[in-house]
file input-v3.txt (compact mmCIF, C-alpha atoms)
# COMPACT_ATOMS: atom_id res chain seq x y z
CA MET P 1454 0.00 0.00 0.00
CA SER P 1455 1.36 3.44 -0.91
CA ALA P 1456 1.95 6.10 1.76
CA ILE P 1457 -0.92 8.18 0.40
CA GLU P 1458 -3.28 5.23 0.43
CA ALA P 1459 -2.19 4.29 3.96
CA LEU P 1460 -2.92 7.80 5.26
CA ILE P 1461 -6.32 7.92 3.53
CA THR P 1462 -7.21 4.55 5.04
CA GLU P 1463 -6.19 5.65 8.54
CA LEU P 1464 -8.01 8.98 8.34
CA ALA P 1465 -11.13 7.27 7.04
CA ARG P 1466 -11.24 5.19 10.23
CA LEU P 1467 -11.96 8.32 12.25
CA PRO P 1468 -15.58 9.02 13.25
CA GLY P 1469 -17.43 11.29 10.86
CA ILE P 1470 -14.74 11.06 8.18
CA GLY P 1471 -15.59 9.19 5.02
CA ARG P 1472 -13.18 8.22 2.29
CA LYS P 1473 -13.71 11.38 0.27
CA THR P 1474 -12.99 13.62 3.25
CA ALA P 1475 -9.97 11.47 4.09
CA GLN P 1476 -8.67 12.01 0.56
CA ARG P 1477 -9.23 15.76 0.81
CA LEU P 1478 -7.37 15.92 4.15
CA THR P 1479 -4.51 13.85 2.78
CA PHE P 1480 -4.01 16.05 -0.25
CA HIS P 1481 -4.34 19.17 1.89
CA LEU P 1482 -1.55 17.89 4.11
CA LEU P 1483 0.59 17.10 1.09
CA GLN P 1484 0.27 20.72 -0.05
CA GLN P 1485 1.49 22.08 3.31
CA PRO P 1486 5.13 22.55 4.33
CA PRO P 1487 6.60 19.27 5.64
CA GLU P 1488 6.98 20.80 9.14
CA GLN P 1489 3.21 21.06 9.49
CA ALA P 1490 2.69 17.35 8.82
CA GLY P 1491 5.56 16.70 11.24
CA ARG P 1492 3.84 18.72 13.98
CA LEU P 1493 0.60 16.85 13.42
CA ALA P 1494 2.40 13.51 13.57
CA SER P 1495 4.24 14.54 16.77
CA ALA P 1496 0.99 15.68 18.39
CA LEU P 1497 -0.65 12.34 17.57
CA VAL P 1498 2.26 10.38 18.99
CA ALA P 1499 2.40 12.56 22.13
CA VAL P 1500 -1.33 12.12 22.78
CA SER P 1501 -1.20 8.37 22.43
CA GLU P 1502 1.95 8.07 24.56
CA ARG P 1503 1.28 10.57 27.32
CA VAL P 1504 -2.48 10.72 27.83
CA ARG P 1505 -3.92 8.08 30.16
CA PRO P 1506 -7.11 7.72 32.21
CA CYS P 1507 -6.79 9.22 35.68
CA GLU P 1508 -6.44 6.40 38.19
CA GLN P 1509 -9.00 8.03 40.47
CA CYS P 1510 -11.71 9.43 38.26
CA GLY P 1511 -11.05 8.03 34.78
CA ASN P 1512 -10.72 11.47 33.17
CA LEU P 1513 -8.02 11.74 30.51
CA THR P 1514 -4.81 13.25 31.83
CA GLU P 1515 -1.04 13.44 31.39
CA GLU P 1516 -0.39 13.35 35.13
CA GLN P 1517 -1.61 11.04 37.87
CA PRO P 1518 -3.96 11.93 39.41
CA CYS P 1519 -5.54 14.48 37.07
CA ALA P 1520 -5.65 18.20 37.79
CA ILE P 1521 -9.27 18.03 38.97
CA CYS P 1522 -8.60 15.23 41.47
CA ARG P 1523 -5.49 17.10 42.72
CA ASP P 1524 -7.27 20.42 43.16
CA PRO P 1525 -7.74 20.97 46.93
CA ARG P 1526 -10.36 23.70 46.32
CA ARG P 1527 -12.78 21.18 44.85
CA ASP P 1528 -15.40 19.62 47.11
CA PRO P 1529 -14.66 15.87 47.43
CA ALA P 1530 -18.16 15.29 48.84
CA LEU P 1531 -19.76 16.02 45.45
CA LEU P 1532 -19.19 13.45 42.74
CA CYS P 1533 -20.52 13.97 39.22
CA VAL P 1534 -20.80 10.71 37.25
CA VAL P 1535 -20.48 11.08 33.47
CA GLU P 1536 -20.34 8.63 30.59
CA ASP P 1537 -17.18 9.84 28.87
CA ALA P 1538 -14.17 12.03 29.55
CA SER P 1539 -15.46 14.52 26.97
CA ALA P 1540 -18.43 15.21 29.26
CA VAL P 1541 -16.06 16.30 32.06
CA ALA P 1542 -14.83 19.13 29.91
CA VAL P 1543 -18.38 20.12 28.92
CA VAL P 1544 -19.73 20.17 32.50
CA ASP P 1545 -16.64 21.86 33.89
CA ARG P 1546 -16.51 24.53 31.20
CA SER P 1547 -20.22 25.30 31.16
CA THR P 1548 -21.15 25.27 34.85
CA ASP P 1549 -19.79 26.40 38.18
CA PHE P 1550 -19.73 22.85 39.51
CA ARG P 1551 -16.78 22.60 41.89
CA GLY P 1552 -16.98 18.95 42.92
CA ARG P 1553 -15.13 16.03 41.42
CA TYR P 1554 -15.94 13.63 38.62
CA HIS P 1555 -16.19 9.95 37.92
CA VAL P 1556 -15.96 8.80 34.30
CA LEU P 1557 -17.77 5.53 33.58
CA GLY P 1558 -16.14 4.93 30.22
CA GLY P 1559 -19.45 4.38 28.42
CA ARG P 1560 -23.05 3.47 29.18
CA LEU P 1561 -24.98 0.23 29.46
CA SER P 1562 -25.96 -0.88 26.00
CA PRO P 1563 -27.15 -4.45 25.40
CA LEU P 1564 -27.30 -3.79 21.65
CA ASP P 1565 -23.56 -3.08 21.71
CA GLY P 1566 -22.86 -5.83 24.25
CA ILE P 1567 -21.75 -3.28 26.87
CA GLY P 1568 -22.62 -4.51 30.35
CA PRO P 1569 -21.78 -3.35 33.88
CA GLU P 1570 -18.43 -5.16 33.76
CA SER P 1571 -17.32 -2.87 30.91
CA LEU P 1572 -17.88 0.29 32.96
CA ARG P 1573 -15.86 1.73 35.85
CA LEU P 1574 -18.49 0.84 38.41
CA ASP P 1575 -16.30 -0.96 40.97
CA PRO P 1576 -14.06 2.12 41.38
CA LEU P 1577 -17.22 4.24 41.76
CA VAL P 1578 -18.54 2.02 44.56
CA ALA P 1579 -15.09 2.04 46.17
CA ARG P 1580 -15.00 5.86 46.12
CA VAL P 1581 -18.42 6.05 47.69
CA ARG P 1582 -17.50 3.42 50.29
CA GLY P 1583 -14.44 5.53 51.08
CA GLY P 1584 -16.86 7.73 53.03
CA GLU P 1585 -15.85 11.14 51.68
CA VAL P 1586 -18.62 11.36 49.07
CA ARG P 1587 -21.98 12.69 50.30
CA GLU P 1588 -23.75 13.18 46.98
CA VAL P 1589 -23.46 11.38 43.65
CA ILE P 1590 -24.86 13.36 40.72
CA LEU P 1591 -25.79 11.11 37.82
CA ALA P 1592 -25.03 13.06 34.66
CA THR P 1593 -25.43 10.29 32.11
CA ASN P 1594 -27.03 11.31 28.82
CA PRO P 1595 -30.82 11.76 28.75
CA SER P 1596 -31.22 8.78 26.41
CA MET P 1597 -32.73 5.35 27.09
CA GLU P 1598 -29.25 3.92 27.61
CA GLY P 1599 -28.24 6.82 29.81
CA GLU P 1600 -31.42 6.35 31.84
CA VAL P 1601 -30.91 2.62 32.33
CA THR P 1602 -27.29 3.29 33.33
CA ALA P 1603 -28.40 5.89 35.87
CA THR P 1604 -31.05 3.56 37.27
CA TYR P 1605 -28.54 0.74 37.55
CA ILE P 1606 -26.06 2.95 39.42
CA GLN P 1607 -28.79 4.23 41.69
CA GLN P 1608 -29.67 0.63 42.60
CA LEU P 1609 -25.98 -0.20 43.03
CA LEU P 1610 -25.48 2.64 45.48
CA ALA P 1611 -28.67 2.04 47.44
CA GLY P 1612 -27.81 1.39 51.08
CA LEU P 1613 -24.40 3.09 50.89
CA ASN P 1614 -25.58 6.14 52.81
CA VAL P 1615 -25.04 8.58 49.95
CA ARG P 1616 -27.46 11.00 48.33
CA VAL P 1617 -28.00 10.12 44.66
CA THR P 1618 -29.36 12.80 42.33
CA ARG P 1619 -29.97 13.00 38.59
CA LEU P 1620 -29.51 15.99 36.30
CA ALA P 1621 -32.82 17.76 35.67
CA ARG P 1622 -34.43 17.50 32.26
CA GLY P 1623 -36.47 20.26 30.75
CA LEU P 1624 -36.73 23.18 28.41
CA PRO P 1625 -33.63 24.60 26.77
CA MET P 1626 -32.87 28.31 27.25
CA GLY P 1627 -33.76 30.26 24.16
CA GLY P 1628 -36.21 27.56 23.08
CA ASP P 1629 -39.80 27.98 22.03
CA LEU P 1630 -42.64 26.01 23.64
CA GLU P 1631 -44.26 25.58 20.24
CA TYR P 1632 -41.33 23.52 19.01
CA VAL P 1633 -40.54 21.52 22.14
CA ASP P 1634 -41.28 17.80 21.87
CA GLY P 1635 -43.87 16.25 24.16
CA VAL P 1636 -41.38 14.18 26.17
CA THR P 1637 -39.21 17.14 27.11
CA LEU P 1638 -42.28 19.21 27.94
CA ALA P 1639 -43.69 16.40 30.11
CA HIS P 1640 -40.37 16.10 31.99
CA ALA P 1641 -40.25 19.86 32.46
CA LEU P 1642 -43.78 19.86 33.83
CA VAL P 1643 -43.02 17.05 36.31
CA ALA P 1644 -39.81 18.79 37.44
CA ARG P 1645 -41.38 22.25 37.69
CA GLN P 1646 -40.08 24.53 40.42
CA GLU P 1647 -41.79 27.01 42.67
CA VAL P 1648 -40.92 30.62 41.95
CA SER P 1649 -40.62 32.81 44.97
CA MET I 1201 -39.37 11.08 -3.94
CA PRO I 1202 -42.67 9.99 -2.36
CA LEU I 1203 -43.35 11.07 1.21
CA VAL I 1204 -44.11 8.04 3.38
CA THR I 1205 -46.00 8.34 6.67
CA THR I 1206 -46.11 5.28 8.87
CA PRO I 1207 -46.14 4.17 12.52
CA ALA I 1208 -42.57 3.29 13.46
CA ILE I 1209 -40.32 2.28 16.34
CA VAL I 1210 -36.65 3.27 16.50
CA LEU I 1211 -34.49 0.14 16.58
CA SER I 1212 -31.11 1.84 16.57
CA ALA I 1213 -29.76 5.36 16.31
CA LEU I 1214 -26.20 6.05 15.26
CA ARG I 1215 -24.52 9.41 15.36
CA TYR I 1216 -23.59 10.59 11.87
CA GLY I 1217 -21.26 13.52 11.47
CA GLU I 1218 -21.56 16.43 13.88
CA THR I 1219 -25.31 16.87 14.00
CA SER I 1220 -27.15 14.02 12.29
CA LYS I 1221 -28.33 10.55 13.19
CA ILE I 1222 -28.89 7.47 11.10
CA VAL I 1223 -31.82 5.50 12.45
CA ARG I 1224 -33.11 2.04 11.72
CA LEU I 1225 -36.87 1.98 12.02
CA ALA I 1226 -39.32 -0.87 12.37
CA THR I 1227 -42.23 0.51 10.36
CA ARG I 1228 -45.70 -0.94 10.28
CA GLU I 1229 -46.29 -0.37 6.59
CA HIS I 1230 -42.83 -0.88 5.09
CA GLY I 1231 -40.86 -3.23 7.32
CA VAL I 1232 -37.43 -2.28 8.61
CA GLN I 1233 -36.06 0.86 6.95
CA SER I 1234 -33.04 3.11 7.41
CA ALA I 1235 -33.21 6.88 7.34
CA ILE I 1236 -30.99 9.84 8.03
CA ALA I 1237 -32.31 12.44 10.46
CA LYS I 1238 -30.40 15.55 9.46
CA GLY I 1239 -29.67 17.96 12.28
CA ALA I 1240 -31.14 15.59 14.89
CA LEU I 1241 -28.32 16.40 17.33
CA ARG I 1242 -28.74 20.16 17.16
CA PRO I 1243 -30.08 21.64 20.42
CA ARG I 1244 -33.17 23.02 18.72
CA SER I 1245 -33.75 20.14 16.34
CA ARG I 1246 -37.33 19.41 15.35
CA PHE I 1247 -36.70 15.78 16.30
CA GLY I 1248 -36.11 16.80 19.93
CA ALA I 1249 -35.82 13.79 22.20
CA SER I 1250 -37.89 11.57 19.94
CA LEU I 1251 -35.18 9.52 18.24
CA GLN I 1252 -34.31 7.35 21.21
CA VAL I 1253 -33.85 3.62 20.87
CA LEU I 1254 -37.28 1.93 21.26
CA SER I 1255 -39.27 5.16 21.01
CA GLU I 1256 -42.52 4.83 19.12
CA GLY I 1257 -44.02 7.42 16.86
CA GLN I 1258 -45.33 8.45 13.49
CA ALA I 1259 -42.43 8.63 11.05
CA GLN I 1260 -42.38 10.66 7.88
CA TYR I 1261 -39.63 10.08 5.39
CA LEU I 1262 -38.81 10.82 1.80
CA ALA I 1263 -38.39 7.39 0.26
CA LYS I 1264 -35.57 7.22 -2.22
CA GLU I 1265 -36.25 4.54 -4.78
CA GLN I 1266 -33.41 2.05 -5.29
CA ARG I 1267 -31.69 3.52 -2.22
CA GLU I 1268 -31.41 2.01 1.22
CA LEU I 1269 -31.13 5.28 3.15
CA HIS I 1270 -34.18 7.52 3.19
CA ILE I 1271 -34.48 11.07 4.54
CA LEU I 1272 -36.42 11.33 7.78
CA THR I 1273 -38.40 14.54 7.76
CA ALA I 1274 -40.41 14.10 10.98
CA PHE I 1275 -40.91 11.72 13.86
CA ASP I 1276 -43.93 12.58 16.00
CA LEU I 1277 -43.41 10.83 19.27
CA LEU I 1278 -46.28 8.73 20.58
CA HIS I 1279 -44.59 6.70 23.31
CA LEU I 1280 -41.06 6.73 24.71
CA HIS I 1281 -41.35 3.49 26.76
CA VAL I 1282 -39.33 5.02 29.60
CA ALA I 1283 -40.55 2.26 31.93
CA LEU I 1284 -38.20 -0.09 30.09
CA ALA I 1285 -35.26 1.82 31.58
CA GLY I 1286 -36.56 1.01 35.06
CA ASP I 1287 -34.18 -1.90 35.46
CA LEU I 1288 -31.50 -3.62 33.45
CA PRO I 1289 -33.18 -7.06 33.00
CA ARG I 1290 -36.24 -5.35 31.53
CA TYR I 1291 -34.17 -3.19 29.20
CA ALA I 1292 -31.98 -6.14 28.18
CA THR I 1293 -35.08 -8.16 27.23
CA ALA I 1294 -36.51 -5.24 25.26
CA SER I 1295 -33.16 -4.91 23.50
CA VAL I 1296 -33.27 -8.56 22.40
CA LEU I 1297 -36.73 -8.00 20.96
CA GLY I 1298 -35.38 -4.94 19.16
CA GLU I 1299 -32.37 -6.87 17.90
CA VAL I 1300 -34.57 -9.67 16.53
CA MET I 1301 -36.65 -7.07 14.69
CA LEU I 1302 -33.56 -5.22 13.49
CA ARG I 1303 -31.83 -8.28 12.10
CA PHE I 1304 -34.67 -10.49 10.99
CA ALA I 1305 -37.83 -8.53 10.21
CA PRO I 1306 -38.10 -8.11 6.44
CA PRO I 1307 -37.76 -4.75 4.63
CA ASP I 1308 -41.29 -5.38 3.33
CA PRO I 1309 -44.68 -4.75 4.94
CA HIS I 1310 -45.06 -7.06 7.93
CA PRO I 1311 -47.66 -5.52 10.27
CA GLU I 1312 -47.92 -8.70 12.37
CA SER I 1313 -44.35 -8.44 13.64
CA TYR I 1314 -44.63 -4.66 14.11
CA ASP I 1315 -47.84 -4.93 16.15
CA LEU I 1316 -46.41 -7.73 18.25
CA PHE I 1317 -43.18 -5.80 18.87
CA ARG I 1318 -45.05 -2.62 19.83
CA ASP I 1319 -47.38 -4.49 22.21
CA ALA I 1320 -44.41 -6.46 23.61
CA LEU I 1321 -42.57 -3.26 24.57
CA GLU I 1322 -45.68 -1.95 26.29
CA ALA I 1323 -46.28 -5.24 28.15
CA LEU I 1324 -42.65 -5.48 29.21
CA GLY I 1325 -42.66 -1.94 30.52
CA GLN I 1326 -45.76 -2.60 32.60
CA ALA I 1327 -44.88 -6.10 33.87
CA PRO I 1328 -44.24 -6.63 37.59
CA THR I 1329 -40.53 -7.27 38.17
CA PRO I 1330 -40.91 -11.00 39.07
CA ASP I 1331 -42.70 -11.61 35.73
CA VAL I 1332 -40.12 -9.94 33.49
CA ASP I 1333 -38.14 -13.11 32.82
CA ALA I 1334 -41.03 -15.39 31.89
CA LEU I 1335 -42.81 -12.64 29.97
CA GLY I 1336 -39.59 -12.00 28.06
CA PHE I 1337 -39.47 -15.68 27.05
CA ARG I 1338 -43.08 -15.57 25.89
CA LEU I 1339 -42.63 -12.37 23.89
CA LEU I 1340 -39.46 -13.61 22.22
CA TRP I 1341 -41.02 -16.95 21.28
CA HIS I 1342 -44.03 -15.10 19.85
CA LEU I 1343 -41.84 -12.78 17.83
CA VAL I 1344 -39.82 -15.72 16.50
CA SER I 1345 -43.12 -17.46 15.64
CA VAL I 1346 -44.57 -14.43 13.86
CA LEU I 1347 -41.39 -14.21 11.82
CA GLY I 1348 -42.12 -17.75 10.62
CA PHE I 1349 -40.09 -19.98 12.91
CA ALA I 1350 -42.63 -21.22 15.45
CA PRO I 1351 -41.33 -24.37 17.14
CA SER I 1352 -43.53 -27.40 16.61
CA LEU I 1353 -44.56 -29.22 19.78
CA GLU I 1354 -47.74 -31.03 18.80
CA ALA I 1355 -46.48 -32.82 15.70
CA CYS I 1356 -43.06 -34.10 14.61
CA ALA I 1357 -41.19 -31.21 12.99
CA ARG I 1358 -39.93 -33.56 10.26
CA ASP I 1359 -42.74 -35.91 9.25
CA GLY I 1360 -45.78 -34.30 10.90
CA ILE I 1361 -46.76 -37.37 12.97
CA ARG I 1362 -48.84 -36.34 16.01
CA LEU I 1363 -46.93 -36.53 19.23
CA PRO I 1364 -48.19 -37.60 22.67
CA GLU I 1365 -49.86 -34.70 24.47
CA THR I 1366 -47.84 -34.98 27.65
CA GLY I 1367 -44.43 -36.18 28.79
CA ALA I 1368 -40.85 -35.63 27.70
CA LEU I 1369 -40.07 -35.14 24.01
CA PRO I 1370 -37.01 -35.28 21.77
CA PHE I 1371 -36.39 -31.67 20.63
CA SER I 1372 -34.22 -30.54 17.76
CA THR I 1373 -33.33 -26.91 17.33
CA ARG I 1374 -32.13 -27.63 13.81
CA GLU I 1375 -35.42 -29.29 12.76
CA GLY I 1376 -37.48 -26.58 14.42
CA GLY I 1377 -39.24 -28.43 17.23
CA ALA I 1378 -40.10 -31.80 18.72
CA LEU I 1379 -39.47 -35.02 16.83
CA CYS I 1380 -41.10 -38.44 16.82
CA PRO I 1381 -38.89 -41.28 18.14
CA ALA I 1382 -38.01 -42.50 14.63
CA CYS I 1383 -36.89 -39.07 13.39
CA ALA I 1384 -35.07 -38.40 16.67
CA ALA I 1385 -33.12 -41.65 16.25
CA GLU I 1386 -32.24 -40.82 12.67
CA HIS I 1387 -31.48 -37.10 12.96
CA GLY I 1388 -30.52 -36.64 16.58
CA ALA I 1389 -32.27 -34.58 19.26
CA THR I 1390 -31.94 -33.53 22.87
CA GLN I 1391 -34.49 -34.54 25.44
CA LEU I 1392 -37.01 -31.87 26.48
CA PRO I 1393 -38.12 -32.96 29.97
CA ALA I 1394 -41.87 -33.10 30.68
CA ASP I 1395 -41.85 -29.98 32.90
CA ALA I 1396 -39.79 -28.00 30.35
CA ARG I 1397 -42.23 -29.05 27.64
CA GLU I 1398 -45.13 -27.89 29.80
CA ASP I 1399 -43.42 -24.54 30.35
CA LEU I 1400 -42.68 -24.10 26.64
CA THR I 1401 -46.27 -24.97 25.73
CA ALA I 1402 -47.53 -22.37 28.21
CA LEU I 1403 -45.10 -19.76 26.89
CA LEU I 1404 -46.26 -20.33 23.33
CA ASP I 1405 -49.91 -19.96 24.33
CA PRO I 1406 -50.75 -16.28 24.90
CA GLY I 1407 -53.88 -17.28 26.83
CA ALA I 1408 -52.05 -19.48 29.33
CA ALA I 1409 -50.76 -18.27 32.69
CA LEU I 1410 -47.06 -17.45 32.72
CA PRO I 1411 -45.08 -20.38 34.11
CA ARG I 1412 -42.99 -19.79 37.24
CA LEU I 1413 -39.45 -20.65 36.20
CA ASP I 1414 -36.89 -21.14 38.94
CA GLY I 1415 -33.23 -20.18 38.36
CA ARG I 1416 -32.19 -23.52 36.87
CA HIS I 1417 -35.23 -23.88 34.58
CA GLY I 1418 -35.00 -20.24 33.57
CA ALA I 1419 -31.35 -20.64 32.60
CA ALA I 1420 -32.07 -23.84 30.63
CA HIS I 1421 -34.94 -22.17 28.83
CA ARG I 1422 -32.85 -19.11 28.07
CA ARG I 1423 -30.17 -21.31 26.49
CA LEU I 1424 -32.76 -23.17 24.41
CA LEU I 1425 -34.29 -19.95 23.14
CA ALA I 1426 -30.91 -18.39 22.36
CA ARG I 1427 -29.81 -21.53 20.50
CA TYR I 1428 -33.05 -21.52 18.52
CA VAL I 1429 -32.77 -17.86 17.54
CA ARG I 1430 -29.11 -18.22 16.59
CA TYR I 1431 -29.74 -21.28 14.44
CA HIS I 1432 -32.88 -20.16 12.62
CA LEU I 1433 -32.38 -16.44 12.35
CA ALA I 1434 -28.79 -15.41 12.90
CA GLU I 1435 -26.99 -17.45 10.23
CA GLY I 1436 -23.69 -16.78 11.94
CA ALA I 1437 -24.30 -13.08 12.56
CA GLU I 1438 -23.36 -11.64 15.94
CA LEU I 1439 -26.26 -10.87 18.23
CA PRO I 1440 -24.82 -8.73 21.05
CA ALA I 1441 -28.12 -8.07 22.82
CA LEU I 1442 -28.99 -11.78 22.82
CA GLU I 1443 -25.58 -12.67 24.24
CA PHE I 1444 -25.94 -9.91 26.84
CA TRP I 1445 -29.37 -11.23 27.87
CA LEU I 1446 -28.00 -14.77 27.99
CA ARG I 1447 -25.08 -14.01 30.29
CA ARG I 1448 -27.13 -11.72 32.60
CA PRO I 1449 -24.24 -9.51 33.69
CA TRP I 1450 -26.41 -7.72 36.27
CA GLU I 1451 -26.40 -10.88 38.39
CA ALA I 1452 -22.63 -10.64 38.89
CA ALA I 1453 -22.90 -7.15 40.43
call {"tool": "encode", "arguments": {"input": "input-v3.txt", "output": "structure tokens"}}
result
Amino acid sequence: MSAIEALITELARLPGIGRKTAQRLTFHLLQQPPEQAGRLASALVAVSERVRPCEQCGNLTEEQPCAICRDPRRDPALLCVVEDASAVAVVDRSTDFRGRYHVLGGRLSPLDGIGPESLRLDPLVARVRGGEVREVILATNPSMEGEVTATYIQQLLAGLNVRVTRLARGLPMGGDLEYVDGVTLAHALVARQEVS
Amino acid sequence: MPLVTTPAIVLSALRYGETSKIVRLATREHGVQSAIAKGALRPRSRFGASLQVLSEGQAQYLAKEQRELHILTAFDLLHLHVALAGDLPRYATASVLGEVMLRFAPPDPHPESYDLFRDALEALGQAPTPDVDALGFRLLWHLVSVLGFAPSLEACARDGIRLPETGALPFSTREGGALCPACAAEHGATQLPADAREDLTALLDPGAALPRLDGRHGAAHRRLLARYVRYHLAEGAELPALEFWLRRPWEAA
């Protein structure tokens, strides 16, 4: 296989990139100065060599433990459980949540053969048993699989003397009631709050 | 491109690109179809939360002739079946039903399997927890039967000779049911004990009370059903949800 073909094949393995896009990216790279391709290659190698899951929370990090787990200003009593490391960045960037995280590494999905043994559930139970955690916030996605994962964790933590909460579901800011689907509206109605 | 409107249930939903989803739909009027829901992942998408696995609604798509991927223009949600997410055994069973539809229901009109699947999801969501296992067996056997692979228990699956109404029977997954002694001797079969036969008969009869299956009988029945589905429907294909349901990973927790 030629070098061009090999690069196209590798790029086409990436999510959201088909063969045509892979070809376009390959030829774009070939038109750039060689240093640029070198920097890209170095960055790829560095990521794969240096980035590892945090031993405590499962977030992706270059140091053990990760910066969030090391941060003494964060509240260790609040633990936010997310499906993937990418969600840590989203929650942390978009909110003023100052607790810690636990990354499951996926969600329960029988159709994909992903069961409880594939998720980081034992470390989660161990952290809760450690006694420092007072509240576990289940921030799995609001999908059927996210729901079943949240329910499973809730049952797993029952009896461990920890408060278990779930992210609220409801209307998006800037939305329009006319265009909101019935399910979201029903959830919003059930989870309505008193205004004072 | 004709606009098709049909009752449908989402069997799978895959992320496509930054904002779209590709869904496989069990439709009542047109069998299993694939469609792209453009922009479904945008925060203000018209699809909202409707394109969840196992959600039921009225689908509208632009059917592309000679193409396998249609364009989904709307999915008006009728039922999300959230009760199925109430526990993992229930969701795992519903996933097997979905997988059987996804892999084996034809891409042609087949309202019988659609109606059964829709009613099965509703029944499974409403079932008391102790009944989920047995009800799951019944629903899966019914779905397999509606798809044309009903196991024969009253007559020999090979030569049609009537079999005794009670007692143990030779059973052959390959032949599709019970065999008479002569066929069993010639083609091979495993013994279906009298109580297992009674249970299977009750499971295949929608009017009969659900049998109470203890752990050992439940496991044996689960293996039989999985073997049957794999042999008659899978043709070597991987069935992750079936394997998941068979190994019951929630019991190890």
call {"tool": "interface_residues", "arguments": {"input": "input-v3.txt", "of": "chain I", "to": "chain P", "cutoff": "6 Å", "atoms": "only C-alpha atoms", "output": "list in words"}}
result
Gly1217, Gly1248, Ala1285, Ala1292, Pro1440, Ala1441 and Phe1444 of chain I
call {"tool": "axis_aligned_box", "arguments": {"input": "input-v3.txt", "around": "region 1529-1534 of chain P", "padding_each_side": "4 Å", "output": "lines of an AutoDock Vina configuration file"}}
result
center_x = -17.7
center_y = 13.4
center_z = 43.0
size_x = 14.1
size_y = 13.3
size_z = 19.6
call {"tool": "residues_around", "arguments": {"input": "input-v3.txt", "residues": "Thr1219 (chain I)", "least_positions_apart": "4", "cutoff": "12 Å", "atoms": "only C-alpha atoms", "output": "PyMOL selection string"}}
result
(chain P and resi 1469) or (chain I and resi 1214-1215+1236-1245+1247)
call {"tool": "residues_around", "arguments": {"input": "input-v3.txt", "residues": "Pro1576 (chain P)", "least_positions_apart": "4", "cutoff": "9 Å", "atoms": "all atoms listed in the file", "output": "list of chain:residue names"}}
result
P:Gln1509, P:Cys1510, P:His1555, P:Arg1580, P:Val1581
call {"tool": "residues_around", "arguments": {"input": "input-v3.txt", "residues": "Leu1269 (chain I)", "least_positions_apart": "2", "cutoff": "7 Å", "atoms": "only C-alpha atoms", "output": "ChimeraX atom specification"}}
result
/I:1234-1236,1267,1271
call {"tool": "write_last_selection", "arguments": {"input": "input-v3.txt", "atoms": "C-alpha atoms", "output": "short mmCIF file (atom, residue, chain, number, x, y, z; two decimals), in the frame of the given file"}}
result
data_model
loop_
_atom_site.label_atom_id
_atom_site.label_comp_id
_atom_site.auth_asym_id
_atom_site.auth_seq_id
_atom_site.Cartn_x
_atom_site.Cartn_y
_atom_site.Cartn_z
CA SER I 1234 -33.04 3.11 7.41
CA ALA I 1235 -33.21 6.88 7.34
CA ILE I 1236 -30.99 9.84 8.03
CA ARG I 1267 -31.69 3.52 -2.22
CA ILE I 1271 -34.48 11.07 4.54
#
call {"tool": "residues_around", "arguments": {"input": "input-v3.txt", "residues": "Ile1361 (chain I)", "least_positions_apart": "5", "cutoff": "12 Å", "atoms": "all atoms listed in the file", "output": "ChimeraX atom specification"}}
result
/I:1352-1356,1378-1383
call {"tool": "atom_distance", "arguments": {"input": "input-v3.txt", "atom1": "CA of Gln1476 (chain P)", "atom2": "CA of Ala1456 (chain P)"}}
result
12.2 Å
call {"tool": "residues_around", "arguments": {"input": "input-v3.txt", "residues": "region 1336-1344 of chain I", "least_positions_apart": "5", "cutoff": "7 Å", "atoms": "only C-alpha atoms", "output": "PyMOL selection string"}}
result
chain I and resi 1293+1297+1313+1316+1320+1349-1350+1403-1404
call {"tool": "write_last_selection", "arguments": {"input": "input-v3.txt", "atoms": "C-alpha atoms", "output": "PDB file, in the coordinates of the input"}}
result
ATOM      1  CA  THR I1293     -35.080  -8.160  27.230  1.00  0.00           C
ATOM      2  CA  LEU I1297     -36.730  -8.000  20.960  1.00  0.00           C
ATOM      3  CA  SER I1313     -44.350  -8.440  13.640  1.00  0.00           C
ATOM      4  CA  LEU I1316     -46.410  -7.730  18.250  1.00  0.00           C
ATOM      5  CA  ALA I1320     -44.410  -6.460  23.610  1.00  0.00           C
ATOM      6  CA  PHE I1349     -40.090 -19.980  12.910  1.00  0.00           C
ATOM      7  CA  ALA I1350     -42.630 -21.220  15.450  1.00  0.00           C
ATOM      8  CA  LEU I1403     -45.100 -19.760  26.890  1.00  0.00           C
ATOM      9  CA  LEU I1404     -46.260 -20.330  23.330  1.00  0.00           C
TER      10      LEU I1404
END
call {"tool": "atom_distance", "arguments": {"input": "input-v3.txt", "atom1": "CA of Arg1619 (chain P)", "atom2": "CA of Arg1526 (chain P)"}}
result
23.6 Å
call {"tool": "atom_distance", "arguments": {"input": "input-v3.txt", "atom1": "CA of His1432 (chain I)", "atom2": "CA of Phe1317 (chain I)"}}
result
18.7 Å
call {"tool": "residues_near_point", "arguments": {"input": "input-v3.txt", "point": "(-39.8, 10.0, 21.1)", "cutoff": "9 Å", "atoms": "only C-alpha atoms", "output": "MDAnalysis selection string"}}
result
(chainID P and resid 1634:1636) or (chainID I and resid 1210 1247:1257 1275:1281)
